[in-house]
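Next comes data01.txt, with compact mmCIF, C-alpha atoms.
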```txt
# COMPACT_ATOMS: atom_id res chain seq x y z
CA MET A 1 3.97 -1.28 -0.61
CA VAL A 2 2.93 1.94 0.90
CA ILE A 3 -0.69 2.77 1.41
CA PHE A 4 -0.44 6.27 -0.02
CA LEU A 5 -3.90 7.42 0.88
CA ARG A 6 -5.31 5.36 3.71
CA TRP A 7 -7.42 8.27 4.85
CA ALA A 8 -9.27 8.21 1.53
CA ALA A 9 -10.75 4.81 2.29
CA ARG A 10 -13.17 6.21 4.80
CA THR A 11 -16.58 6.91 3.34
CA LEU A 12 -17.48 10.60 3.47
CA THR A 13 -16.76 13.53 5.75
CA LYS A 14 -17.96 17.08 5.24
CA MET A 15 -17.15 19.89 7.60
CA GLU A 16 -17.46 23.63 7.37
CA ASP A 17 -13.90 24.09 6.11
CA HIS A 18 -13.25 20.92 4.12
CA ALA A 19 -14.77 18.03 2.21
CA ALA A 20 -13.27 14.57 1.75
CA THR A 21 -14.86 11.74 -0.18
CA GLY A 22 -13.47 8.22 -0.34
CA ILE A 23 -15.17 5.21 -1.89
CA GLY A 24 -13.77 1.68 -1.94
CA ALA A 25 -14.56 -1.27 -4.21
CA ARG A 26 -13.55 -4.90 -4.65
CA PRO A 27 -12.04 -5.88 -7.98
CA ALA A 28 -13.62 -8.44 -10.28
CA PRO A 29 -13.46 -12.00 -8.86
CA ALA A 30 -10.87 -13.07 -11.42
CA LEU A 31 -8.55 -10.33 -10.15
CA ARG A 32 -8.85 -10.86 -6.40
CA GLU A 33 -5.78 -13.07 -6.09
CA TYR A 34 -3.78 -10.18 -7.52
CA VAL A 35 -5.67 -7.01 -6.55
CA ASP A 36 -6.79 -6.39 -3.01
CA SER A 37 -8.86 -3.24 -3.42
CA TYR A 38 -9.66 -0.02 -5.27
CA VAL A 39 -10.16 3.32 -3.54
CA GLY A 40 -11.38 6.50 -5.21
CA PHE A 41 -10.70 9.75 -3.36
CA ASP A 42 -11.69 13.38 -3.75
CA LEU A 43 -10.17 15.78 -1.22
CA ARG A 44 -10.90 19.49 -1.22
CA ARG A 45 -10.26 22.55 0.94
CA LEU A 46 -7.98 20.71 3.35
CA ALA A 47 -5.00 22.29 5.06
CA THR A 48 -1.85 22.26 2.94
CA GLY A 49 0.64 19.76 4.31
CA VAL A 50 2.59 16.54 3.97
CA HIS A 51 0.82 13.21 4.34
CA CYS A 52 2.88 10.33 5.73
CA GLY A 53 2.05 7.29 3.57
CA PRO A 54 3.01 4.30 5.75
CA PRO A 55 4.38 0.90 4.77
CA SER A 56 1.79 -1.83 4.30
CA ARG A 57 1.22 -5.32 2.93
CA ALA A 58 0.24 -3.95 -0.49
CA LEU A 59 2.02 -2.76 -3.59
CA THR A 60 0.21 0.45 -4.39
CA ALA A 61 -0.47 2.27 -7.64
CA VAL A 62 -2.05 5.72 -7.58
CA ILE A 63 -3.51 7.49 -10.62
CA SER A 64 -4.17 11.18 -10.19
CA LEU A 65 -7.37 12.55 -11.73
CA SER A 66 -6.33 16.15 -11.21
CA ASP A 67 -2.90 17.63 -10.47
CA PHE A 68 0.39 15.78 -10.32
CA LEU A 69 1.19 13.73 -7.24
CA GLU A 70 4.25 15.13 -5.47
CA VAL A 71 5.94 12.29 -3.62
CA ALA A 72 9.23 11.79 -1.78
CA ALA A 73 10.55 8.34 -0.86
CA GLY A 74 11.11 9.33 2.78
CA VAL A 75 9.66 11.63 5.44
CA ASP A 76 11.74 14.49 6.86
CA ASP A 77 14.96 12.94 5.54
CA GLY A 78 15.79 15.20 2.61
CA SER A 79 14.49 12.79 -0.04
CA PRO A 80 13.78 14.65 -3.29
CA VAL A 81 10.18 15.28 -4.27
CA THR A 82 9.17 13.78 -7.63
CA ARG A 83 6.04 14.62 -9.63
CA PHE A 84 3.95 11.75 -11.01
CA GLY A 85 0.75 11.65 -13.04
CA SER A 86 0.49 8.02 -11.99
CA VAL A 87 2.89 6.12 -9.77
CA ALA A 88 3.51 2.55 -8.65
CA GLY A 89 5.76 1.12 -6.01
CA GLY A 90 6.75 -1.99 -4.15
CA LEU A 91 6.82 -2.97 -0.52
CA MET A 92 8.79 -0.58 1.67
CA CYS A 93 10.21 -0.28 5.16
CA ARG A 94 9.60 3.44 5.53
CA SER A 95 6.86 5.92 4.84
CA VAL A 96 6.69 8.10 1.77
CA ALA A 97 5.83 11.79 1.96
CA ILE A 98 2.91 13.01 -0.17
CA HIS A 99 3.05 16.78 -0.52
CA HIS A 100 -0.34 18.34 -1.17
CA ASP A 101 -2.06 21.71 -1.32
CA GLY A 102 -5.25 20.45 0.32
CA ARG A 103 -6.84 19.28 -2.92
CA GLN A 104 -6.39 15.92 -4.61
CA GLN A 105 -8.47 13.51 -6.66
CA GLY A 106 -7.48 10.07 -7.84
CA VAL A 107 -7.70 6.30 -7.64
CA GLN A 108 -5.57 3.96 -5.57
CA VAL A 109 -5.05 0.30 -6.53
CA SER A 110 -3.63 -2.09 -3.92
CA LEU A 111 -1.92 -5.18 -5.36
CA THR A 112 -0.82 -8.36 -3.63
CA PRO A 113 2.77 -9.51 -4.28
CA LEU A 114 1.32 -12.07 -6.71
CA GLY A 115 -0.20 -9.15 -8.59
CA ALA A 116 3.24 -7.82 -9.46
CA ARG A 117 3.93 -10.83 -11.68
CA ALA A 118 0.40 -11.10 -13.01
CA ILE A 119 -0.04 -7.41 -13.88
CA TYR A 120 3.45 -5.93 -14.17
CA GLY A 121 5.19 -9.09 -15.38
CA MET A 122 7.92 -8.98 -12.73
CA PRO A 123 8.44 -10.20 -9.15
CA ALA A 124 7.45 -7.76 -6.43
CA ALA A 125 11.10 -7.76 -5.31
CA GLU A 126 12.06 -5.71 -8.37
CA LEU A 127 9.89 -2.86 -7.10
CA ALA A 128 10.82 -3.03 -3.41
CA HIS A 129 11.71 0.39 -1.95
CA ARG A 130 11.01 2.06 -5.31
CA LEU A 131 8.52 4.52 -6.81
CA VAL A 132 8.20 4.47 -10.59
CA PRO A 133 5.83 5.97 -13.18
CA LEU A 134 3.06 3.49 -13.93
CA ASP A 135 3.69 3.68 -17.66
CA GLU A 136 7.19 2.28 -17.13
CA LEU A 137 5.50 -0.92 -15.98
CA LEU A 138 2.38 -1.09 -18.17
CA GLY A 139 3.37 0.94 -21.22
CA ALA A 140 0.49 1.88 -23.51
CA LEU A 141 -1.93 0.09 -21.22
CA ALA A 142 -1.15 2.63 -18.48
CA VAL A 143 -1.81 5.51 -20.87
CA GLU A 144 -5.17 3.99 -21.83
CA LEU A 145 -6.00 3.37 -18.17
CA VAL A 146 -5.29 6.96 -17.17
CA ASP A 147 -7.35 8.27 -20.10
CA ARG A 148 -10.28 5.99 -19.22
CA LEU A 149 -10.23 6.95 -15.56
CA ARG A 150 -10.04 10.67 -16.26
CA SER A 151 -12.80 10.64 -18.87
CA ALA A 152 -15.21 8.62 -16.70
CA THR A 153 -17.78 10.64 -14.78
CA THR A 154 -18.62 8.19 -11.95
CA TRP A 155 -16.61 6.04 -9.56
CA ALA A 156 -18.50 2.96 -10.75
CA ALA A 157 -17.35 3.62 -14.31
CA ARG A 158 -13.77 4.09 -13.14
CA PHE A 159 -13.79 0.83 -11.21
CA THR A 160 -15.23 -0.96 -14.25
CA ALA A 161 -12.40 0.47 -16.37
CA LEU A 162 -9.87 -0.78 -13.81
CA ASP A 163 -11.36 -4.28 -13.96
CA GLU A 164 -11.28 -4.34 -17.76
CA LEU A 165 -7.74 -3.10 -18.21
CA LEU A 166 -6.19 -5.02 -15.32
CA LEU A 167 -7.81 -8.23 -16.59
CA ARG A 168 -6.21 -7.46 -19.92
CA ALA A 169 -2.85 -7.00 -18.20
CA VAL A 170 -3.27 -10.34 -16.42
CA GLY A 171 -4.12 -12.02 -19.71
CA ARG A 172 -1.07 -10.50 -21.33
CA GLY A 173 1.10 -11.71 -18.46
CA ALA A 174 -0.36 -15.22 -18.55
CA CYS A 175 0.63 -15.49 -22.20
CA GLY A 176 4.20 -14.84 -21.10
CA ASP A 177 3.87 -17.45 -18.34
CA HIS A 178 4.91 -14.95 -15.62
CA VAL A 179 2.49 -16.08 -12.93
CA ARG A 180 3.60 -19.69 -12.62
CA TRP A 181 7.06 -18.63 -11.48
CA VAL A 182 5.77 -17.82 -8.00
CA ARG A 183 6.66 -20.72 -5.71
CA PRO A 184 3.46 -21.94 -3.98
CA GLU A 185 5.35 -22.13 -0.66
CA VAL A 186 6.20 -18.42 -0.90
CA ALA A 187 2.59 -17.56 -1.70
CA GLU A 188 1.40 -19.67 1.24
CA ALA A 189 3.94 -18.06 3.60
CA TRP A 190 2.67 -14.64 2.52
CA ARG A 191 -0.94 -15.68 3.18
CA ARG A 192 -0.09 -17.05 6.63
CA LEU A 193 1.82 -13.95 7.66
CA VAL A 194 -1.04 -11.71 6.48
CA ALA A 195 -3.67 -13.83 8.24
CA ALA A 196 -1.74 -13.56 11.52
CA ARG A 197 -1.07 -9.82 10.99
CA GLY A 198 2.60 -10.57 11.50
CA CYS A 199 2.13 -12.21 14.90
CA VAL A 200 3.59 -15.59 13.99
CA GLN A 201 7.05 -17.13 14.22
CA VAL A 202 8.78 -17.28 10.84
CA GLY A 203 10.49 -20.52 11.87
CA ALA A 204 7.13 -22.12 12.55
CA VAL A 205 5.82 -21.07 9.14
CA ALA A 206 8.94 -22.47 7.47
CA ALA A 207 8.60 -25.78 9.31
CA GLU A 208 4.94 -26.10 8.28
CA LEU A 209 6.00 -25.59 4.67
CA GLY A 210 8.79 -28.15 4.93
CA TRP A 211 11.56 -25.58 4.45
CA SER A 212 14.32 -24.31 6.69
CA ARG A 213 13.94 -20.77 7.98
CA ARG A 214 16.99 -19.69 5.98
CA TYR A 215 15.65 -21.16 2.74
CA LEU A 216 12.22 -19.55 3.26
CA THR A 217 13.88 -16.21 3.97
CA GLU A 218 15.95 -16.37 0.77
CA ARG A 219 13.01 -17.42 -1.40
CA PHE A 220 10.57 -14.95 0.19
CA ARG A 221 12.95 -11.99 -0.11
CA GLY A 222 13.74 -12.92 -3.71
CA GLU A 223 10.04 -12.83 -4.62
CA VAL A 224 8.58 -10.16 -2.34
CA GLY A 225 11.54 -7.87 -1.68
CA LEU A 226 11.43 -8.09 2.12
CA SER A 227 12.42 -10.94 4.41
CA PRO A 228 9.54 -12.74 6.15
CA LYS A 229 10.62 -11.22 9.48
CA THR A 230 10.62 -7.69 8.09
CA PHE A 231 7.31 -8.25 6.32
CA ALA A 232 5.84 -9.49 9.63
CA ARG A 233 7.02 -6.26 11.29
CA VAL A 234 5.35 -4.23 8.53
CA LEU A 235 2.10 -6.15 9.04
CA ARG A 236 2.17 -5.56 12.79
CA PHE A 237 2.86 -1.86 12.24
CA GLU A 238 0.06 -1.71 9.64
CA HIS A 239 -2.39 -3.05 12.23
CA ALA A 240 -1.20 -0.51 14.79
CA HIS A 241 -1.51 2.28 12.22
CA GLU A 242 -5.11 1.26 11.46
CA LEU A 243 -5.97 1.41 15.16
CA ALA A 244 -4.21 4.75 15.63
CA SER A 245 -5.89 6.26 12.56
CA ALA A 246 -9.42 5.43 13.72
CA GLN A 247 -11.78 8.32 14.42
CA ASP A 248 -11.82 7.30 18.09
CA PRO A 249 -8.32 5.82 18.49
CA LEU A 250 -7.29 3.65 21.42
CA PRO A 251 -4.64 4.90 23.87
CA TRP A 252 -1.15 4.12 22.59
CA GLY A 253 -0.59 1.42 25.20
CA ASP A 254 -3.72 -0.39 24.05
CA VAL A 255 -2.71 0.03 20.40
CA ALA A 256 0.58 -1.70 21.21
CA THR A 257 -1.13 -4.58 23.03
CA VAL A 258 -3.84 -5.22 20.46
CA SER A 259 -1.44 -5.15 17.52
CA GLY A 260 0.99 -7.59 19.11
CA TYR A 261 3.86 -5.45 20.42
CA ALA A 262 5.68 -6.48 23.57
CA ASP A 263 5.00 -3.06 25.09
CA GLN A 264 4.50 0.59 24.17
CA ALA A 265 8.25 1.23 23.93
CA HIS A 266 8.47 -1.52 21.30
CA LEU A 267 5.69 0.18 19.32
CA VAL A 268 7.43 3.56 19.56
CA ARG A 269 10.69 2.13 18.19
CA ASP A 270 8.95 0.61 15.17
CA TRP A 271 6.82 3.72 14.65
CA ARG A 272 9.92 5.90 14.50
CA GLU A 273 11.59 3.53 12.07
CA PHE A 274 8.60 3.24 9.73
CA THR A 275 7.37 6.85 9.80
CA GLY A 276 10.42 8.89 10.82
CA ARG A 277 8.41 10.32 13.72
CA SER A 278 7.31 9.37 17.20
CA PRO A 279 3.64 8.36 17.50
CA THR A 280 2.82 11.68 19.19
CA ALA A 281 4.66 13.77 16.59
CA TRP A 282 3.06 11.75 13.80
CA ARG A 283 -0.44 12.41 15.12
CA ARG A 284 0.29 16.11 15.56
CA SER A 285 1.76 16.56 12.08
CA GLU A 286 -0.59 14.33 10.08
CA ALA A 287 -2.64 17.03 8.38
CA LEU A 288 -5.10 14.61 6.78
CA LEU A 289 -5.62 12.28 9.73
CA GLY A 290 -9.09 13.60 10.45
CA ALA A 291 -10.03 14.31 6.85
CA GLY A 292 -12.21 11.31 6.32
```

Structure rendered as structure tokens:
Amino acid sequence: MVIFLRWAARTLTKMEDHAATGIGARPAPALREYVDSYVGFDLRRLATGVHCGPPSRALTAVISLSDFLEVAAGVDDGSPVTRFGSVAGGLMCRSVAIHHDGRQQGVQVSLTPLGARAIYGMPAAELAHRLVPLDELLGALAVELVDRLRSATTWAARFTALDELLLRAVGRGACGDHVRWVRPEVAEAWRRLVAARGCVQVGAVAAELGWSRRYLTERFRGEVGLSPKTFARVLRFEHAHELASAQDPLPWGDVATVSGYADQAHLVRDWREFTGRSPTAWRRSEALLGAG
């Protein structure tokens, strides 16, 4: 899914006019097949604006610890803004717009596609291109999770609460036998695409798994929600976005080369498709780019 708050993953920045704290943590070992990471964020006195949350390899859930999250499913395209106390979504092919007043506090959970079955009890494909309230997926467990996170006074306590409740969700899902429905070939294709950051031929992956490209595409899309080719494009863009979001970013031509694009024009085309903006316009309009 979308990484809603990538800028929050950086450690700590304090300047005269703003403060931004972000702290990351690994989930408990028993969760790591399903949960990639936790990030706690506390942003204050930043310029009001719209953050462009780009597509990524992860399905993301965000729990606000303060005001509602105001999110639209597209950037500069007229998509309606919806308010969420906590929100979850699947993999996407475009950025979401997070409207903010310069102050936000919350926790972001990044799930793998396997985590959708283990924690939500459904294939990741059912959430593709969607944003839904977290309690629609987890019910009373989501209510308890939000209460625990908001009542905790330290990030360590919040991450412990996440471990405890997500392990409970996995246990609940295992009782319903949800996890075993993931074909091991699909899981292996996902791992290989992620390891190569999208720079691998889908046909070659299919052949190594003993499937035709068409069969892999059908199975992968049915489980993940994107075709392997589209997911590879998202991974390549994600790598480029990481490079471009660094505090000392490379020139755009170098970003394109390092992340596996044929040339800068190729990068620009994908950037426009995934963010709704050219790389230059994105950098100029990204109010939180230098926040952390």

I need the residue nearest Leu59 of chain A from this list: A:Ser151, A:Val224, A:Ala206, A:Phe84. Use only C-alpha atoms for the distance. A:Val224

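In this model, the gap between atom CA of Asp270 of chain A and atom CA of Arg233 of chain A comes to 8.1 Å.
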
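For the residues A:Trp271, A:Phe237, A:Phe231, A:Phe41, ranking by smallest atom-to-atom distance to Thr154 of chain A using all atoms listed in the file places A:Phe41 first.
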
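Using all atoms listed in the file for every distance, the candidate list A:Leu209, A:Cys52, A:Ile98, A:Val146 yields A:Leu209 as the residue closest to Arg183 of chain A.
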
What's the 6 Å shell around Thr48 of chain A, counting only C-alpha atoms, without same-chain residues fewer than 4 positions away, as a ChimeraX atom specification? /A:100-102

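Distances to Cys199 of chain A were evaluated for A:Thr153, A:Ser212, A:Gln264, A:Thr257 using all atoms listed in the file, and the minimum falls at A:Thr257.
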
Using all atoms listed in the file, which residues sit within 12 Å of Arg283 of chain A once same-chain residues fewer than 6 positions away are excluded, as a list of chain:residue names? A:His51, A:Cys52, A:His241, A:Ala244, A:Ser245, A:Ala246, A:Pro249, A:Trp252, A:Trp271, A:Thr275, A:Arg277, A:Leu289, A:Gly290

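The nearest approach to Tyr261 of chain A among the residues A:Arg148, A:Ala58, A:Arg197, A:Asp248, with all atoms listed in the file taken into account, belongs to A:Arg197.
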
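The smallest atom-to-atom distance between Ser259 of chain A and any of A:Gly198, A:Gly74, A:Gly225, A:Gly90, using all atoms listed in the file, is found for A:Gly198.
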
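What separates atom CA of Val39 of chain A from atom CA of Glu223 of chain A is a distance of 25.9 Å.
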
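Between atom CA of Arg45 of chain A and atom CA of Val143 of chain A there is a distance of 28.9 Å.
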